[in-house]
Amino acid sequence: MILKKWKNRIGRRVTGVLLCLTLGAGAGMPFPLTAAAQGGTCGSSTTWDYSNGVLTISGTGAADYIPWIASEVTNGTTSIVIGDGVTSLANRPFSGLKKVTSVKFGKSMTTIPSNVCSGMSSLKTVTFSEGTQIIGKNAFQNCYELGTVKLPSSLQTIENNAFYACLKMTEITIPDSVKSIGDTAFKANNVTKLHLGSNLETIGKEAFGMSCFSEAEIPDTVKSIGAKAFGIVCSTVTHSGSTLNYSYSTSPVHYVTIIGKANGTAQQYAQSENLPFKVAGEEAHTHSWSAWTTKTAAGCETAGVQIRTCSGCGETETKEIPATGHHMSDWKTEKAAGCETEGLQVRTCSGCDKKETQIIPASGHQMSDWKIEKAAGCETEGQNVRTCAVCGKKEYQTVPATGHTWGEWKITKQPTVDSTGEQESVCASCGAVRTNEVAKLVGYTVSVSSNEGGSVTPSGETKVAEGGSLTLSVRENAGYQLVSVLVNGSERKPDSSGSLILSDIRANQTVSVVFQKKVQPKTRSCNFVDVTPQRKVWLTDESAVSMQDFKIYANITDNGTVSWLDITADCVPEASGMPKAGPYGTGTVTFRYQGSDAEVKEYLAQNSITGQIPLYLRGDGDLNGIVDVVDAEIALGYYVKQIAGAKSTTLSEAQCEIMDVDSNGITTLEDAAYILKYYTRQMAHMVPDWQEIFNRKG
């Protein structure tokens with residue numbers, strides 16, 4: 001539910017942002033309108049309108065952005081009209097309007113922008129207004145259908161590629177106002193008639209290249225003519241896609257005749273380009289050509305020149321003699337190739353002695369099979385070698401070490417509860433040995449104590465491996481007899497030889513042996529007092545000692561008969577609170593006798609009632625000193641195994657009782673929950689209380 005609310009909130013915010021952007025765009029930003037609007041603004045003071053195939057741009061000043069991008073406009077526009085008040089347009093303003101056949105420019109367009117109609121392959125007519133001074137670069141480039149164009153008398157400059165590849169042009173008249181024609185401005189057309197204005201000063205490179213007119217009269221005002229401004233007289237010029245093609249029908253090829261002032265710019269240009277020249281005003285006549293003669297012989301790589309002369313006017317024509325090409329000999333080996341070195345071949349032209357060389361690739365080695373030079377070991381690399389049969393070169397190959405083949409692990413030193421063991425594995429290939437430590441055995445402590453009058457072997461503390469056994473040997477001294485052997489508070493009897501076997505040890509054990517003199521008592525007396533905890537595990541989180549957790553017996557002799565007297569109800573702990581000890585260890589509890597038995601009082605006048613109790617933390621199943629989530633997992637795991645019918649677990653008897661936190665005799669799912677609640681309260685910096693947890697089961 002929270003996630004759904006957040007998703008709804010985020011969705012509302014995104015929707016709001018989009019709405020603000022949309023309203024903002026409509027209020028003040030020049031975003032394109034849809035085709036359905038059929039008009040709008042295209043500058044600060046200009047508008048556009050589309051109707052019945054006509055795109056009209058009106059207003060005053062610049063139309064400096066392009067909003068007519070809807071498919072209805074781009075696919076439907078066939079005519080463009082630019083109003084008289086519009087002064088300029090955006091870059092490539094009509095890109096994509098492929099069906100336009102006519103364009104009309106208004107009076108304020110003094111400069112026709114670069115690329116304004118570039119690539120309009122359907123454009124047939126263009127109308128300029130008087131006042132136009134410059135036609136920009138590429139303005140009508142590749143307008144293949146554009147025919148005769150009337151240029152205004154105000155025009156001064158025609159820039160590069162302005163009418164490049166306008167193939168339907170058949171006649172060009174340059175107004176007298178024009179001073180400059182740029183590079184390739186009228187290249188590639190079918191113009192058969194050309195008239196250049198009287199004030200023209202500059203004609204750019206290839207300005208009229210690939211045209212169909214045979215003569216070009218150059219005004220005296222022209223100061224410079226670019227290379228190949230005029231050339232071959234073509235029959236037709238066509239296009240295939242973006243590729244231009246031209247053809248000519250005369251043989252030999254005819255070149256444009258340049259007409260102009262004798263010794264002027266026109267004649268100098270004609271001579272530099274080997275074009276025919278005629279002085280302006282002279283009548284034309286039929287040439288009477290001489291036979292072709294070789295002026296420069298052709299070479300293997302250089303073209304030659306032939307020339308002929310008109311006997312009537314002295315005009316000359318030249319034509320090229322193609323280069324003959326080399327006549328090369330067969331290849332000869334100058335240097336043989338080796339295994340790694342290149343060779344060289346050479347051949348020579350019989351006509352000019354020019355030499356050509358050719359590399360012979362190296363042959364490469366002819367290597368033998370790999371052979372073992374040094375065998376690989378378990379830890380050491382080996383080496384293979386092979387040899388070239390031609391030059392004897394050797395190549396080497398590293399063979400990786402094989403690695404050891406280790407055998408099974410074998411115990412060489414048995415582990416004990418006090419020390420680690422050791423195991424080893426031997427490599428079957430090289431005999432190398434590796435060793436590994438074996439962990440100590442899990443062990444428990446058997447604490448044995450006795451009074452005077454006999455001995456117990458072993459005595460004190462003895463460590464025994466988990467599941468192991470320990471044999472105790474009990475011996476009375478002369479004049480003494482064995483009274484009792486208590487193992488963890490329970491009476492045990494040695495066999496007839498005095499041996500007592502503690503088997504399958506899986507927890508710490510406490511053994512107490514009592515001897516007494518063999519004296520036939522004649523009166524009643526108290527021999528000693530024994531304190532036996534009723535729990536194997538003492539719960540150290542309780543606030544005080546409870547007498548319910550102990551049994552206290554006085555050993556009474558009455559006329560030779562020994563018996564036990566239960567004095568638990570007559571005893572109270574000497575001190576309040578729990579006994580002091582480490583987190584895990586043994587604590588001592590002292591009791592005060594309040595009963596009326598005279599013999600017990602007599603004994604206690606010289607002795608005290610003390611008992612040793614094991615101290616553990618309730619719920620601490622992994623015995624690490626804290627109650628946490630891991631302990632809850634251990635309790636839960638033990639519970640699951642028990643209900644699954646597991647015959648044994650890895651937990652000791654003490655651990656099982658530690659996890660039975662509610663002391664009902666069995667570890668259950670509820671105990672795991674109690675432990676988890678105890679841990680949670682600790683994490684919340686609360687003082688946990690078991691009784692409160694038990695009472696508040698919810």
# chains A, B, ... in the order shown; residues from 1 in each chain; ligands from 1
call {"tool": "residues_around", "arguments": {"residues": "Glu159 in chain A", "least_positions_apart": "2", "cutoff": "9 Å", "atoms": "only C-alpha atoms", "output": "list in words"}}
result
Ser114, Ile134, Ile135, Gly136, Lys137, Asn138, Ala139, Thr157, Asn161, Ala162, Ser180, Ile181, Gly182, Asp183, Thr184 and Ala185 of chain A
call {"tool": "write_last_selection", "arguments": {"atoms": "C-alpha atoms", "output": "PDB file, in the first residue's frame"}}
result
ATOM      1  CA  SER A 114      22.907  30.385 -49.513  1.00  0.00           C
ATOM      2  CA  ILE A 134      23.440  39.015 -54.283  1.00  0.00           C
ATOM      3  CA  ILE A 135      22.540  35.421 -55.097  1.00  0.00           C
ATOM      4  CA  GLY A 136      24.267  33.325 -52.417  1.00  0.00           C
ATOM      5  CA  LYS A 137      26.318  30.135 -52.636  1.00  0.00           C
ATOM      6  CA  ASN A 138      24.510  26.972 -53.735  1.00  0.00           C
ATOM      7  CA  ALA A 139      21.244  28.934 -53.812  1.00  0.00           C
ATOM      8  CA  THR A 157      27.156  39.278 -57.395  1.00  0.00           C
ATOM      9  CA  ASN A 161      27.533  27.117 -57.333  1.00  0.00           C
ATOM     10  CA  ALA A 162      24.535  29.481 -57.426  1.00  0.00           C
ATOM     11  CA  SER A 180      31.309  39.022 -60.210  1.00  0.00           C
ATOM     12  CA  ILE A 181      30.397  35.445 -61.142  1.00  0.00           C
ATOM     13  CA  GLY A 182      31.681  32.808 -58.664  1.00  0.00           C
ATOM     14  CA  ASP A 183      33.296  29.394 -59.174  1.00  0.00           C
ATOM     15  CA  THR A 184      31.054  26.815 -60.959  1.00  0.00           C
ATOM     16  CA  ALA A 185      28.182  29.329 -60.735  1.00  0.00           C
TER      17      ALA A 185
END
call {"tool": "residues_around", "arguments": {"residues": "Glu670 in chain A", "least_positions_apart": "3", "cutoff": "12 Å", "atoms": "only C-alpha atoms", "output": "list in words"}}
result
Ala632, Ala635, Leu636, Tyr639, Met659, Asp660, Val661, Asp662, Ser663, Asn664, Ile666, Thr667, Ala673, Tyr674, Ile675, Leu676, Lys677, Ile693, Phe694, Lys697 and Gly698 of chain A
call {"tool": "atom_distance", "arguments": {"atom1": "CA of Gly96 in chain A", "atom2": "CA of Thr74 in chain A"}}
result
6.3 Å
call {"tool": "atom_distance", "arguments": {"atom1": "CA of Gly382 in chain A", "atom2": "CA of Cys430 in chain A"}}
result
15.1 Å
call {"tool": "residues_around", "arguments": {"residues": "Glu476 in chain A", "least_positions_apart": "6", "cutoff": "8 Å", "atoms": "only C-alpha atoms", "output": "list in words"}}
result
Gly453, Gly454, Ser455, Leu482 and Phe515 of chain A
call {"tool": "residues_around", "arguments": {"residues": "range 116-132 of chain A", "least_positions_apart": "5", "cutoff": "7 Å", "atoms": "only C-alpha atoms", "output": "PDB file with N, CA and C atoms, in the first residue's frame"}}
result
ATOM      1  N   ARG A  92      18.745  26.978 -44.904  1.00  0.00           N
ATOM      2  CA  ARG A  92      18.033  25.880 -45.572  1.00  0.00           C
ATOM      3  C   ARG A  92      16.553  25.871 -45.171  1.00  0.00           C
ATOM      4  N   PRO A  93      15.843  26.945 -45.432  1.00  0.00           N
ATOM      5  CA  PRO A  93      14.479  27.065 -44.901  1.00  0.00           C
ATOM      6  C   PRO A  93      13.474  26.105 -45.529  1.00  0.00           C
ATOM      7  N   PHE A  94      13.756  25.666 -46.768  1.00  0.00           N
ATOM      8  CA  PHE A  94      12.752  24.851 -47.466  1.00  0.00           C
ATOM      9  C   PHE A  94      13.229  23.417 -47.654  1.00  0.00           C
ATOM     10  N   LYS A  98      10.001  18.822 -51.331  1.00  0.00           N
ATOM     11  CA  LYS A  98      10.494  18.245 -52.583  1.00  0.00           C
ATOM     12  C   LYS A  98       9.559  18.461 -53.771  1.00  0.00           C
ATOM     13  N   LYS A  99       8.311  18.926 -53.548  1.00  0.00           N
ATOM     14  CA  LYS A  99       7.352  19.044 -54.653  1.00  0.00           C
ATOM     15  C   LYS A  99       7.173  20.489 -55.132  1.00  0.00           C
ATOM     16  N   VAL A 100       7.982  21.426 -54.616  1.00  0.00           N
ATOM     17  CA  VAL A 100       7.850  22.836 -54.992  1.00  0.00           C
ATOM     18  C   VAL A 100       8.277  23.025 -56.445  1.00  0.00           C
ATOM     19  N   THR A 101       7.430  23.713 -57.229  1.00  0.00           N
ATOM     20  CA  THR A 101       7.756  23.982 -58.645  1.00  0.00           C
ATOM     21  C   THR A 101       8.033  25.460 -58.898  1.00  0.00           C
ATOM     22  N   SER A 102       7.625  26.383 -57.986  1.00  0.00           N
ATOM     23  CA  SER A 102       7.870  27.810 -58.213  1.00  0.00           C
ATOM     24  C   SER A 102       8.142  28.520 -56.893  1.00  0.00           C
ATOM     25  N   VAL A 103       9.045  29.520 -56.972  1.00  0.00           N
ATOM     26  CA  VAL A 103       9.395  30.347 -55.813  1.00  0.00           C
ATOM     27  C   VAL A 103       9.422  31.807 -56.259  1.00  0.00           C
ATOM     28  N   LYS A 104       8.808  32.685 -55.439  1.00  0.00           N
ATOM     29  CA  LYS A 104       8.823  34.118 -55.725  1.00  0.00           C
ATOM     30  C   LYS A 104       9.395  34.841 -54.515  1.00  0.00           C
ATOM     31  N   PHE A 105      10.435  35.691 -54.751  1.00  0.00           N
ATOM     32  CA  PHE A 105      11.091  36.454 -53.685  1.00  0.00           C
ATOM     33  C   PHE A 105      10.572  37.885 -53.671  1.00  0.00           C
ATOM     34  N   GLY A 106      10.370  38.445 -52.476  1.00  0.00           N
ATOM     35  CA  GLY A 106       9.861  39.798 -52.327  1.00  0.00           C
ATOM     36  C   GLY A 106      10.935  40.873 -52.517  1.00  0.00           C
ATOM     37  N   LYS A 107      10.509  42.130 -52.466  1.00  0.00           N
ATOM     38  CA  LYS A 107      11.376  43.269 -52.771  1.00  0.00           C
ATOM     39  C   LYS A 107      12.454  43.499 -51.731  1.00  0.00           C
ATOM     40  N   MET A 109      14.260  41.281 -50.170  1.00  0.00           N
ATOM     41  CA  MET A 109      15.292  40.237 -50.153  1.00  0.00           C
ATOM     42  C   MET A 109      16.457  40.690 -51.011  1.00  0.00           C
ATOM     43  N   THR A 110      17.300  41.575 -50.477  1.00  0.00           N
ATOM     44  CA  THR A 110      18.461  42.059 -51.234  1.00  0.00           C
ATOM     45  C   THR A 110      19.503  40.964 -51.427  1.00  0.00           C
ATOM     46  N   THR A 111      19.518  40.008 -50.548  1.00  0.00           N
ATOM     47  CA  THR A 111      20.441  38.873 -50.663  1.00  0.00           C
ATOM     48  C   THR A 111      19.637  37.581 -50.658  1.00  0.00           C
ATOM     49  N   ASN A 138      25.338  28.181 -53.660  1.00  0.00           N
ATOM     50  CA  ASN A 138      24.510  26.972 -53.735  1.00  0.00           C
ATOM     51  C   ASN A 138      23.013  27.277 -53.698  1.00  0.00           C
ATOM     52  N   ALA A 139      22.632  28.525 -53.991  1.00  0.00           N
ATOM     53  CA  ALA A 139      21.244  28.934 -53.812  1.00  0.00           C
ATOM     54  C   ALA A 139      20.287  28.039 -54.597  1.00  0.00           C
ATOM     55  N   PHE A 140      20.635  27.686 -55.844  1.00  0.00           N
ATOM     56  CA  PHE A 140      19.753  26.859 -56.682  1.00  0.00           C
ATOM     57  C   PHE A 140      20.514  25.640 -57.210  1.00  0.00           C
ATOM     58  N   GLN A 141      21.491  25.187 -56.472  1.00  0.00           N
ATOM     59  CA  GLN A 141      22.293  24.029 -56.871  1.00  0.00           C
ATOM     60  C   GLN A 141      21.411  22.783 -56.998  1.00  0.00           C
ATOM     61  N   ASN A 142      21.653  22.006 -58.077  1.00  0.00           N
ATOM     62  CA  ASN A 142      20.946  20.746 -58.324  1.00  0.00           C
ATOM     63  C   ASN A 142      19.432  20.924 -58.456  1.00  0.00           C
ATOM     64  N   CYS A 143      18.996  22.103 -58.927  1.00  0.00           N
ATOM     65  CA  CYS A 143      17.591  22.284 -59.310  1.00  0.00           C
ATOM     66  C   CYS A 143      17.490  21.867 -60.777  1.00  0.00           C
ATOM     67  N   TYR A 144      17.390  20.554 -61.001  1.00  0.00           N
ATOM     68  CA  TYR A 144      17.538  19.992 -62.349  1.00  0.00           C
ATOM     69  C   TYR A 144      16.475  20.480 -63.329  1.00  0.00           C
ATOM     70  N   GLU A 145      15.275  20.859 -62.840  1.00  0.00           N
ATOM     71  CA  GLU A 145      14.170  21.263 -63.716  1.00  0.00           C
ATOM     72  C   GLU A 145      14.101  22.779 -63.924  1.00  0.00           C
ATOM     73  N   LEU A 146      14.996  23.552 -63.303  1.00  0.00           N
ATOM     74  CA  LEU A 146      14.935  25.015 -63.409  1.00  0.00           C
ATOM     75  C   LEU A 146      15.356  25.457 -64.809  1.00  0.00           C
ATOM     76  N   GLY A 147      14.448  26.162 -65.526  1.00  0.00           N
ATOM     77  CA  GLY A 147      14.716  26.596 -66.898  1.00  0.00           C
ATOM     78  C   GLY A 147      15.236  28.023 -66.948  1.00  0.00           C
ATOM     79  N   VAL A 149      15.867  31.756 -66.413  1.00  0.00           N
ATOM     80  CA  VAL A 149      15.701  32.608 -65.247  1.00  0.00           C
ATOM     81  C   VAL A 149      16.022  34.043 -65.645  1.00  0.00           C
ATOM     82  N   LEU A 151      17.244  37.393 -64.505  1.00  0.00           N
ATOM     83  CA  LEU A 151      17.966  37.986 -63.386  1.00  0.00           C
ATOM     84  C   LEU A 151      17.669  39.474 -63.323  1.00  0.00           C
ATOM     85  N   PRO A 152      17.463  40.056 -62.115  1.00  0.00           N
ATOM     86  CA  PRO A 152      17.088  41.475 -61.997  1.00  0.00           C
ATOM     87  C   PRO A 152      18.253  42.401 -62.355  1.00  0.00           C
ATOM     88  N   SER A 153      17.920  43.620 -62.830  1.00  0.00           N
ATOM     89  CA  SER A 153      18.933  44.595 -63.245  1.00  0.00           C
ATOM     90  C   SER A 153      19.694  45.173 -62.056  1.00  0.00           C
ATOM     91  N   SER A 154      19.236  44.863 -60.829  1.00  0.00           N
ATOM     92  CA  SER A 154      19.938  45.357 -59.633  1.00  0.00           C
ATOM     93  C   SER A 154      21.022  44.387 -59.161  1.00  0.00           C
ATOM     94  N   LEU A 155      21.104  43.202 -59.757  1.00  0.00           N
ATOM     95  CA  LEU A 155      22.012  42.140 -59.300  1.00  0.00           C
ATOM     96  C   LEU A 155      23.471  42.535 -59.518  1.00  0.00           C
TER      97      LEU A 155
END
call {"tool": "select_by_dssp", "arguments": {"residues": "range 206-414 of chain A", "states": "alpha helix (DSSP H)", "output": "PyMOL selection string"}}
result
chain A and resi 265-272
call {"tool": "atom_distance", "arguments": {"atom1": "CA of Ser652 in chain A", "atom2": "CA of Ser512 in chain A"}}
result
21.6 Å
call {"tool": "closest_residue", "arguments": {"among": "A:Ser425, A:Ser290, A:Thr416, A:Thr471", "to": "His404 in chain A", "atoms": "only C-alpha atoms"}}
result
A:Ser425
call {"tool": "select_by_dssp", "arguments": {"residues": "range 475-510 of chain A", "states": "strand (DSSP E)", "output": "MDAnalysis selection string"}}
result
chainID A and resid 475:476 480:487 490:492 499:502 509:510
call {"tool": "write_last_selection", "arguments": {"atoms": "C-alpha atoms", "output": "short mmCIF file (atom, residue, chain, number, x, y, z; two decimals), in the first residue's frame"}}
result
data_model
loop_
_atom_site.label_atom_id
_atom_site.label_comp_id
_atom_site.auth_asym_id
_atom_site.auth_seq_id
_atom_site.Cartn_x
_atom_site.Cartn_y
_atom_site.Cartn_z
CA ARG A 475 40.32 -46.67 47.54
CA GLU A 476 39.62 -46.40 51.34
CA TYR A 480 37.96 -45.79 56.83
CA GLN A 481 35.03 -46.77 54.72
CA LEU A 482 33.42 -45.30 51.58
CA VAL A 483 30.25 -43.47 52.44
CA SER A 484 29.06 -42.13 49.04
CA VAL A 485 30.04 -41.21 45.49
CA LEU A 486 27.91 -38.39 44.02
CA VAL A 487 28.19 -37.81 40.23
CA SER A 490 23.37 -38.47 41.85
CA GLU A 491 24.55 -41.44 43.88
CA ARG A 492 26.80 -43.92 42.03
CA SER A 499 36.30 -48.84 39.75
CA LEU A 500 33.64 -46.40 38.54
CA ILE A 501 33.30 -45.77 34.78
CA LEU A 502 31.92 -42.42 33.50
CA GLN A 509 31.03 -33.60 35.34
CA THR A 510 31.31 -33.09 39.12
#
call {"tool": "closest_atom_pairs", "arguments": {"of": "range 63-121 of chain A", "to": "range 45-51 of chain A", "cutoff": "10 Å", "atoms": "only C-alpha atoms", "output": "Markdown table"}}
result
| residue | atom | partner | partner_atom | distance |
| --- | --- | --- | --- | --- |
| A:Ala63 | CA | A:Thr46 | CA | 5.8 |
| A:Asp64 | CA | A:Thr46 | CA | 8.8 |
| A:Ile66 | CA | A:Trp48 | CA | 9.6 |
| A:Pro67 | CA | A:Trp48 | CA | 8.6 |
| A:Trp68 | CA | A:Trp48 | CA | 8.2 |
| A:Glu72 | CA | A:Tyr50 | CA | 9.5 |
| A:Val73 | CA | A:Tyr50 | CA | 7.0 |
| A:Gly76 | CA | A:Tyr50 | CA | 9.3 |
| A:Thr77 | CA | A:Tyr50 | CA | 7.9 |
| A:Ser79 | CA | A:Tyr50 | CA | 9.9 |
| A:Ile80 | CA | A:Tyr50 | CA | 9.4 |
| A:Val81 | CA | A:Trp48 | CA | 10.0 |
| A:Ile82 | CA | A:Trp48 | CA | 9.4 |
| A:Gly83 | CA | A:Thr46 | CA | 9.7 |
| A:Gly85 | CA | A:Thr46 | CA | 8.8 |
| A:Val86 | CA | A:Thr46 | CA | 7.4 |
| A:Thr87 | CA | A:Thr46 | CA | 10.0 |
call {"tool": "decode", "arguments": {"residues": "range 322-417 of chain A", "atoms": "C-alpha atoms", "output": "short mmCIF file (atom, residue, chain, number, x, y, z; two decimals), in the first residue's frame"}}
result
data_model
loop_
_atom_site.label_atom_id
_atom_site.label_comp_id
_atom_site.auth_asym_id
_atom_site.auth_seq_id
_atom_site.Cartn_x
_atom_site.Cartn_y
_atom_site.Cartn_z
CA PRO A 322 48.18 9.51 -75.65
CA ALA A 323 51.24 8.19 -73.76
CA THR A 324 52.46 4.91 -75.27
CA GLY A 325 52.84 3.12 -71.93
CA HIS A 326 55.84 1.06 -70.81
CA HIS A 327 57.03 -2.13 -72.58
CA MET A 328 58.33 -4.10 -69.63
CA SER A 329 60.56 -7.19 -69.76
CA ASP A 330 59.83 -10.38 -67.80
CA TRP A 331 60.51 -10.36 -64.04
CA LYS A 332 64.02 -11.43 -63.02
CA THR A 333 65.14 -12.40 -59.50
CA GLU A 334 67.66 -9.92 -58.14
CA LYS A 335 67.64 -11.23 -54.54
CA ALA A 336 66.25 -14.61 -53.47
CA ALA A 337 63.78 -14.72 -50.56
CA GLY A 338 64.79 -16.42 -47.29
CA CYS A 339 62.80 -17.90 -44.43
CA GLU A 340 62.42 -14.50 -42.74
CA THR A 341 63.85 -12.08 -45.35
CA GLU A 342 62.09 -10.75 -48.43
CA GLY A 343 63.53 -11.20 -51.92
CA LEU A 344 63.44 -8.79 -54.87
CA GLN A 345 62.42 -9.08 -58.56
CA VAL A 346 63.09 -6.45 -61.23
CA ARG A 347 61.95 -5.73 -64.81
CA THR A 348 62.97 -2.99 -67.28
CA CYS A 349 61.09 -0.96 -69.90
CA SER A 350 62.63 -1.43 -73.39
CA GLY A 351 61.52 2.06 -74.37
CA CYS A 352 62.85 4.24 -71.51
CA ASP A 353 64.87 1.87 -69.31
CA LYS A 354 62.57 2.56 -66.38
CA LYS A 355 62.88 -0.17 -63.77
CA GLU A 356 60.12 -1.65 -61.66
CA THR A 357 60.78 -3.75 -58.59
CA GLN A 358 58.59 -6.30 -56.84
CA ILE A 359 58.99 -7.78 -53.37
CA ILE A 360 59.22 -11.57 -53.09
CA PRO A 361 57.59 -12.50 -49.76
CA ALA A 362 59.71 -14.40 -47.22
CA SER A 363 59.17 -18.14 -47.66
CA GLY A 364 58.65 -18.81 -43.95
CA HIS A 365 60.27 -21.49 -41.84
CA GLN A 366 59.76 -25.22 -42.43
CA MET A 367 59.66 -26.29 -38.81
CA SER A 368 59.97 -29.87 -37.54
CA ASP A 369 57.58 -31.41 -35.00
CA TRP A 370 57.97 -30.39 -31.36
CA LYS A 371 60.42 -32.52 -29.35
CA ILE A 372 60.87 -32.66 -25.58
CA GLU A 373 64.10 -30.98 -24.54
CA LYS A 374 63.30 -30.87 -20.81
CA ALA A 375 60.43 -32.75 -19.19
CA ALA A 376 58.04 -30.81 -16.94
CA GLY A 377 57.98 -31.66 -13.24
CA CYS A 378 55.34 -31.24 -10.57
CA GLU A 379 56.49 -27.68 -9.80
CA THR A 380 59.02 -26.96 -12.58
CA GLU A 381 58.28 -26.02 -16.20
CA GLY A 382 59.55 -28.13 -19.08
CA GLN A 383 60.66 -27.09 -22.58
CA ASN A 384 59.98 -28.35 -26.14
CA VAL A 385 62.06 -27.43 -29.23
CA ARG A 386 61.60 -27.55 -33.00
CA THR A 387 64.04 -26.69 -35.83
CA CYS A 388 63.68 -25.16 -39.31
CA ALA A 389 64.84 -27.66 -41.97
CA VAL A 390 66.01 -24.78 -44.22
CA CYS A 391 67.95 -22.36 -41.99
CA GLY A 392 68.28 -24.31 -38.73
CA LYS A 393 66.50 -21.71 -36.61
CA LYS A 394 65.16 -23.13 -33.33
CA GLU A 395 61.92 -22.26 -31.59
CA TYR A 396 61.18 -23.07 -27.98
CA GLN A 397 57.91 -23.81 -26.22
CA THR A 398 57.34 -23.77 -22.47
CA VAL A 399 55.56 -26.81 -21.04
CA PRO A 400 53.59 -25.93 -17.86
CA ALA A 401 54.40 -27.74 -14.61
CA THR A 402 52.20 -30.83 -14.21
CA GLY A 403 51.22 -30.14 -10.60
CA HIS A 404 51.36 -32.64 -7.75
CA THR A 405 49.33 -35.84 -7.62
CA TRP A 406 48.46 -35.83 -3.96
CA GLY A 407 47.47 -38.98 -2.09
CA GLU A 408 44.89 -39.27 0.68
CA TRP A 409 45.43 -37.53 4.00
CA LYS A 410 46.82 -39.79 6.76
CA ILE A 411 46.96 -38.95 10.48
CA THR A 412 50.55 -38.84 11.73
CA LYS A 413 49.75 -37.36 15.14
CA GLN A 414 46.44 -37.91 16.86
CA PRO A 415 44.74 -34.76 18.23
CA THR A 416 43.76 -34.52 21.89
CA VAL A 417 41.66 -32.13 23.88
#
